[in-house]
Amino acid sequence: MFKKLFATPQHGMSDEDYGNLMRYQTNFITVLFITLSICLFAASIPIYYFYGRNLGSLTSGVYGGLFGGAFATKLMSIINLSNPQELHRRKIKDTDERVQQVRQRADALTLKILLIVAYVFFILGLSYFTQYFWYFAAPLILILIIQPLLRWLFTKLL
């Protein structure tokens with residue numbers, strides 16, 4: 001399941017296999033967004049009642065946005081996968097080695113930039129905002145824990 005969910009299109013893949021892979025991945029994202037919006041809808045009722053209108057309306061906006069994102073993802077999937085020329089064009093674009101290399105470099109650079117920003121906030125949090133230490137430390141700790149775990153998981157699974 002994880003292999004198919006995080007799989008990238010391979011060179012020599014048929015248009016039908018590419019369409020099935022994209023359909024599987026977009027269906028997963030759609031189901032995930034709908035599940036999250038249903039959970040937030042269920043949570044927004046007690047939040048609205050116990051914590052007030054501002055927080056309740058925030059959760060209402062978030063679950064509305066998640067549901068809208070699920071709808072838009074499914075609609076774009078239907079549009080892109082129903083047109084064979086568009087599907088073939090996207091497959092060529094996604095299997096191009098140069099594009100994949102650029103994306104991998106951009107992802108790695110993004111992670112490094114986020115790590116530096118999180119580290120700066122961590123240092124500022126230690127010196128100025130000791131009351132809010134864990135708000136600054138949590139993203140840094142998560143990045144430092146999740147990155148090696150994902151590398152190990154992907155080397156084992158993929």
# chains A, B, ... in the order shown; residues from 1 in each chain; ligands from 1
$ residues_around --residues "range 144-155 of chain A" --least-positions-apart "6" --cutoff "12 Å" --atoms "only C-alpha atoms" --output "PyMOL selection string"
chain A and resi 2-3+5-7+108+111-112+114-116+118-119+137-138
$ write_last_selection --atoms "N, CA, C and O atoms" --output "short mmCIF file (atom, residue, chain, number, x, y, z; two decimals), in the first residue's frame"
data_model
loop_
_atom_site.label_atom_id
_atom_site.label_comp_id
_atom_site.auth_asym_id
_atom_site.auth_seq_id
_atom_site.Cartn_x
_atom_site.Cartn_y
_atom_site.Cartn_z
N PHE A 2 1.90 1.30 0.88
CA PHE A 2 2.78 2.46 0.92
C PHE A 2 3.57 2.60 -0.38
O PHE A 2 3.84 3.71 -0.82
N LYS A 3 3.96 1.48 -0.96
CA LYS A 3 4.70 1.55 -2.22
C LYS A 3 3.89 2.24 -3.29
O LYS A 3 4.40 3.09 -4.02
N LEU A 5 1.26 4.18 -2.81
CA LEU A 5 0.86 5.52 -2.40
C LEU A 5 1.95 6.54 -2.65
O LEU A 5 1.69 7.65 -3.09
N PHE A 6 3.20 6.17 -2.39
CA PHE A 6 4.32 7.10 -2.54
C PHE A 6 5.15 6.82 -3.80
O PHE A 6 6.24 7.37 -3.94
N ALA A 7 4.65 6.00 -4.67
CA ALA A 7 5.39 5.65 -5.88
C ALA A 7 5.45 6.84 -6.83
O ALA A 7 4.51 7.63 -6.93
N ALA A 108 14.90 18.79 -1.15
CA ALA A 108 16.00 18.76 -0.19
C ALA A 108 16.35 20.16 0.30
O ALA A 108 16.58 20.37 1.50
N LEU A 111 13.68 21.37 2.73
CA LEU A 111 13.85 20.78 4.06
C LEU A 111 14.98 21.47 4.81
O LEU A 111 14.86 21.74 6.00
N LYS A 112 16.07 21.77 4.13
CA LYS A 112 17.19 22.45 4.80
C LYS A 112 16.79 23.85 5.25
O LYS A 112 17.14 24.27 6.36
N LEU A 114 13.73 24.90 5.95
CA LEU A 114 12.81 24.74 7.08
C LEU A 114 13.54 24.37 8.36
O LEU A 114 13.18 24.83 9.45
N LEU A 115 14.56 23.57 8.23
CA LEU A 115 15.35 23.20 9.40
C LEU A 115 16.08 24.41 9.97
O LEU A 115 16.12 24.60 11.20
N ILE A 116 16.63 25.25 9.12
CA ILE A 116 17.32 26.46 9.58
C ILE A 116 16.33 27.42 10.24
O ILE A 116 16.61 27.97 11.31
N ALA A 118 13.44 26.66 11.62
CA ALA A 118 13.00 26.06 12.89
C ALA A 118 14.09 26.21 13.95
O ALA A 118 13.79 26.46 15.12
N TYR A 119 15.34 26.06 13.54
CA TYR A 119 16.45 26.20 14.50
C TYR A 119 16.54 27.64 15.01
O TYR A 119 16.76 27.87 16.20
N ALA A 137 10.17 24.38 19.88
CA ALA A 137 10.98 23.17 19.84
C ALA A 137 10.30 22.03 19.09
O ALA A 137 11.00 21.21 18.49
N ALA A 138 9.00 21.96 19.10
CA ALA A 138 8.28 20.83 18.49
C ALA A 138 8.57 20.66 17.00
O ALA A 138 8.87 19.54 16.56
#
$ closest_residue --among "A:Leu87, A:Leu66, A:Ile143, A:Leu58" --to "Val31 in chain A" --atoms "only C-alpha atoms"
A:Leu66
$ atom_distance --atom1 "CA of Met76 in chain A" --atom2 "CA of Ala106 in chain A"
24.5 Å
$ residues_around --residues "Phe41 in chain A" --least-positions-apart "3" --cutoff "8 Å" --atoms "only C-alpha atoms" --output "JSON, numbers by chain"
{"A": [37, 38, 44, 45, 59, 60, 63]}
$ closest_residue --among "A:Gly69, A:Lys93, A:Leu140, A:Tyr18" --to "Ile113 in chain A" --atoms "only C-alpha atoms"
A:Leu140
$ residues_around --residues "Ser77 in chain A" --least-positions-apart "6" --cutoff "8 Å" --atoms "only C-alpha atoms" --output "ChimeraX atom specification"
/A:22-23,26
